[in-house]
>>> print(open('data_17.txt').read())   # compact mmCIF, C-alpha atoms
# COMPACT_ATOMS: atom_id res chain seq x y z
CA MET L 78 113.39 55.93 76.01
CA ILE L 79 114.56 55.04 79.49
CA LEU L 80 112.11 54.79 82.37
CA VAL L 81 113.36 54.92 85.89
CA GLY L 82 111.05 53.53 88.52
CA CYS L 83 110.97 54.45 92.15
CA LYS L 84 110.97 51.75 94.72
CA ASP L 85 108.16 52.06 97.25
CA GLU L 86 109.54 52.86 100.64
CA ILE L 87 108.08 51.81 103.93
CA SER L 88 109.02 53.96 106.85
CA GLU L 89 109.55 52.34 110.19
CA PRO L 90 106.48 52.94 112.32
CA THR L 91 106.92 55.24 115.28
CA LEU L 92 105.34 53.90 118.46
CA VAL L 93 104.67 56.36 121.27
CA THR L 94 103.01 55.91 124.65
CA ILE L 95 100.28 58.40 125.47
CA ALA L 96 98.99 59.07 128.97
CA MET L 97 95.22 59.24 129.23
CA ILE L 98 93.04 60.99 131.79
CA GLU L 99 93.32 58.79 134.89
CA SER L 100 90.52 60.07 137.08
CA ASN L 101 86.84 60.60 136.51
CA ASP L 102 86.88 63.66 138.78
CA ALA L 103 83.26 64.73 139.35
CA ASP L 104 84.08 68.42 138.95
CA LEU L 105 85.85 67.89 135.64
CA PHE L 106 83.30 65.41 134.29
CA LYS L 107 80.14 67.18 135.50
CA LYS L 108 79.24 67.37 131.80
CA THR L 109 80.49 64.33 129.90
CA VAL L 110 80.72 63.44 126.22
CA VAL L 111 80.77 59.74 125.32
CA LEU L 112 83.17 59.38 122.41
CA TYR L 113 82.88 55.61 122.03
CA GLU L 114 81.19 52.71 123.78
CA ASP L 115 80.96 48.98 123.18
CA ASP L 116 80.87 45.85 125.37
CA GLU L 117 84.52 46.30 126.37
CA TYR L 118 85.24 50.03 126.60
CA LEU L 119 83.65 53.33 127.47
CA ILE L 120 85.67 56.29 126.22
CA SER L 121 84.64 59.76 127.28
CA THR L 122 85.90 63.27 127.75
CA TYR L 123 84.69 66.30 129.60
CA PHE L 124 82.50 68.77 127.76
CA GLU L 125 84.83 71.78 127.93
CA LYS L 126 87.61 69.81 126.23
CA TYR L 127 85.26 68.32 123.65
CA ILE L 128 83.65 71.57 122.56
CA SER L 129 86.95 73.45 122.24
CA THR L 130 88.79 70.97 120.00
CA TYR L 131 88.38 68.93 116.82
CA PRO L 132 86.05 69.06 114.91
CA PHE L 133 84.65 72.34 116.23
CA ASP L 134 87.90 74.29 116.00
CA VAL L 135 89.03 72.79 112.67
CA LEU L 136 86.20 71.83 110.32
CA SER L 137 83.79 74.28 108.76
CA GLY L 138 80.07 73.74 109.11
CA TYR L 139 80.21 72.81 112.79
CA GLU L 140 79.00 76.11 114.23
CA GLU L 141 75.35 74.96 114.42
CA LEU L 142 76.25 71.62 116.00
CA LYS L 143 78.47 73.39 118.53
CA GLN L 144 75.58 75.62 119.56
CA LYS L 145 73.27 72.59 119.77
CA ALA L 146 75.75 70.79 122.06
CA ILE L 147 76.08 73.84 124.30
CA GLN L 148 72.30 74.16 124.48
CA ASP L 149 71.89 70.44 125.27
CA THR L 150 74.19 70.71 128.29
CA LEU L 151 71.58 72.92 129.92
CA THR L 152 69.37 69.85 130.36
CA LEU L 153 71.73 66.88 129.93
CA ASP L 154 74.80 65.80 131.89
CA THR L 155 75.92 63.23 129.30
CA LEU L 156 76.10 63.81 125.55
CA LEU L 157 76.84 61.27 122.82
CA MET L 158 79.44 62.41 120.31
CA ARG L 159 77.53 60.83 117.42
CA ASP L 160 74.72 63.36 117.95
CA TYR L 161 77.10 66.23 117.14
CA THR L 162 78.88 65.09 113.99
CA ARG L 163 78.02 65.87 110.40
CA TYR L 164 79.49 62.75 108.83
CA LYS L 165 80.09 59.23 110.15
CA CYS L 166 83.85 59.47 109.49
CA ASP L 167 84.01 62.53 111.75
CA ASP L 168 83.36 60.16 114.69
CA THR L 169 86.52 58.23 113.90
CA TYR L 170 88.73 61.27 113.53
CA THR L 171 87.31 62.97 116.62
CA LEU L 172 87.99 59.84 118.67
CA ALA L 173 91.49 59.59 117.16
CA HIS L 174 92.14 63.23 118.04
CA HIS L 175 91.26 62.69 121.70
CA LEU L 176 93.26 59.45 121.88
CA GLU L 177 96.31 61.12 120.35
CA LYS L 178 96.09 64.10 122.70
CA GLY L 179 95.38 61.95 125.77
CA SER L 180 92.28 64.04 126.42
CA CYS L 181 89.93 61.17 127.17
CA LEU L 182 89.23 58.63 129.86
CA ILE L 183 89.17 54.97 128.80
CA TYR L 184 87.22 52.68 131.08
CA ASP L 185 87.70 48.92 130.64
CA LYS L 186 84.32 47.38 131.39
CA LYS L 187 85.64 43.84 131.70
CA SER L 188 88.28 44.61 134.34
CA ASN L 189 86.42 47.60 135.84
CA GLN L 190 89.59 49.71 135.57
CA ILE L 191 90.65 52.92 133.95
CA ILE L 192 93.31 52.45 131.27
CA LYS L 193 96.14 54.85 132.04
CA THR L 194 98.15 54.67 128.80
CA ILE L 195 97.75 53.61 125.21
CA GLN L 196 100.20 53.40 122.35
CA MET L 197 99.98 55.15 119.01
CA GLU L 198 101.85 54.20 115.88
CA GLU L 199 102.21 56.65 113.02
CA TYR L 200 102.83 54.96 109.70
CA SER L 201 103.58 55.90 106.14
CA TYR L 202 104.08 53.75 103.10
CA GLY L 203 104.32 54.25 99.38
CA GLY L 204 106.51 56.23 97.08
CA PRO L 205 106.60 59.56 95.33
CA MET L 206 103.52 58.84 93.23
CA SER L 207 101.35 57.31 95.92
CA THR L 208 101.73 57.64 99.67
CA THR L 209 99.42 56.66 102.51
CA THR L 210 99.83 57.89 106.07
CA GLY L 211 97.84 57.15 109.16
CA ARG L 212 97.72 56.25 112.81
CA ARG L 213 97.08 53.06 114.75
CA PHE L 214 96.00 53.11 118.38
CA TYR L 215 96.72 50.16 120.64
CA ILE L 216 95.21 49.32 124.00
CA LYS L 217 96.64 46.63 126.27
CA LYS L 218 100.01 45.74 124.87
CA ARG L 219 99.53 46.01 121.16
CA LEU L 220 95.83 45.18 120.88
CA LEU L 221 94.80 47.22 117.84
CA PHE L 222 91.83 49.34 118.81
CA LEU L 223 91.53 51.99 116.07
CA GLU L 224 93.25 52.73 112.78
CA THR L 225 92.94 55.87 110.67
CA ILE L 226 94.10 56.64 107.20
CA ASP L 227 94.90 60.32 107.35
CA THR L 228 96.19 61.01 103.86
CA ILE L 229 96.39 59.29 100.51
CA SER L 230 98.26 61.08 97.79
>>> encode(input="data_17.txt", output="structure tokens")
Amino acid sequence: MILVGCKDEISEPTLVTIAMIESNDADLFKKTVVLYEDDEYLISTYFEKYISTYPFDVLSGYEELKQKAIQDTLTLDTLLMRDYTRYKCDDTYTLAHHLEKGSCLIYDKKSNQIIKTIQMEEYSYGGPMSTTTGRRFYIKKRLLFLETIDTIS
């Protein structure tokens, strides 16, 4: 019996620069969704963009949460994404979606500036029997901000 093994291959990561929303235009952001906030960054998007994209247009079971978000905008100007997700991991992938599409505004609290671009690296490693793919998002010259593992097979 002869067994032939496959060498794991690592693909070269692809690094792309993504332009973010550069202005917190009052008309656009009259209803805001906070996607992420910590001591360093505030990441938000405008409600119309948020409600018409991931997870609402992709995942099942989000119809009720979509209606709740729409209803909440009648009395609130700012919504928190975490209040409209079914599972904790949905926060990560929703944030990653908006970062990848450039559909969010990133405010750097320490420098009091809006970050105009980020970089995203798509990666894949493994072989025919086991492969992992994902994305890494960098802010400020290769400072890793967020990493997702999108598939494991």
>>> residues_near_point(input="data_17.txt", point="(97.0, 60.5, 107.9)", cutoff="10 Å", atoms="all atoms listed in the file", output="list in words")
Glu199, Tyr200, Ser201, Thr208, Thr209, Thr210, Gly211, Arg212, Glu224, Thr225, Ile226, Asp227, Thr228 and Ile229 of chain L
>>> closest_residue(input="data_17.txt", among="L:Thr150, L:Thr109, L:Thr122, L:Thr94", to="L:Gln196", atoms="all atoms listed in the file")
L:Thr94
>>> closest_residue(input="data_17.txt", among="L:Phe214, L:Leu182, L:Pro205, L:Thr171", to="L:Val135", atoms="only C-alpha atoms")
L:Thr171
>>> closest_residue(input="data_17.txt", among="L:Thr162, L:Gln148, L:Ser207, L:Asn101", to="L:Ile120", atoms="all atoms listed in the file")
L:Asn101
>>> residues_near_point(input="data_17.txt", point="(77.6, 71.8, 127.2)", cutoff="10 Å", atoms="only C-alpha atoms", output="short mmCIF file (atom, residue, chain, number, x, y, z; two decimals) with C-alpha atoms, in the frame of the given file")
data_model
loop_
_atom_site.label_atom_id
_atom_site.label_comp_id
_atom_site.auth_asym_id
_atom_site.auth_seq_id
_atom_site.Cartn_x
_atom_site.Cartn_y
_atom_site.Cartn_z
CA LYS L 107 80.14 67.18 135.50
CA LYS L 108 79.24 67.37 131.80
CA THR L 109 80.49 64.33 129.90
CA VAL L 110 80.72 63.44 126.22
CA TYR L 123 84.69 66.30 129.60
CA PHE L 124 82.50 68.77 127.76
CA GLU L 125 84.83 71.78 127.93
CA TYR L 127 85.26 68.32 123.65
CA ILE L 128 83.65 71.57 122.56
CA LYS L 143 78.47 73.39 118.53
CA GLN L 144 75.58 75.62 119.56
CA LYS L 145 73.27 72.59 119.77
CA ALA L 146 75.75 70.79 122.06
CA ILE L 147 76.08 73.84 124.30
CA GLN L 148 72.30 74.16 124.48
CA ASP L 149 71.89 70.44 125.27
CA THR L 150 74.19 70.71 128.29
CA LEU L 151 71.58 72.92 129.92
CA THR L 152 69.37 69.85 130.36
CA LEU L 153 71.73 66.88 129.93
CA ASP L 154 74.80 65.80 131.89
CA THR L 155 75.92 63.23 129.30
CA LEU L 156 76.10 63.81 125.55
#
>>> residues_around(input="data_17.txt", residues="L:Tyr164", least_positions_apart="5", cutoff="12 Å", atoms="all atoms listed in the file", output="PyMOL selection string")
chain L and resi 132+136+138-139+142+158-159+169-171
>>> closest_residue(input="data_17.txt", among="L:Ser129, L:His174, L:Ser180, L:Met206", to="L:Ser100", atoms="all atoms listed in the file")
L:Ser180
>>> residues_around(input="data_17.txt", residues="L:Arg213", least_positions_apart="4", cutoff="6 Å", atoms="only C-alpha atoms", output="list in words")
Met197, Glu198, Leu223 and Glu224 of chain L
>>> write_last_selection(input="data_17.txt", atoms="C-alpha atoms", output="PDB file, in the frame of the given file")
ATOM      1  CA  MET L 197      99.980  55.150 119.010  1.00  0.00           C
ATOM      2  CA  GLU L 198     101.850  54.200 115.880  1.00  0.00           C
ATOM      3  CA  LEU L 223      91.530  51.990 116.070  1.00  0.00           C
ATOM      4  CA  GLU L 224      93.250  52.730 112.780  1.00  0.00           C
TER       5      GLU L 224
END
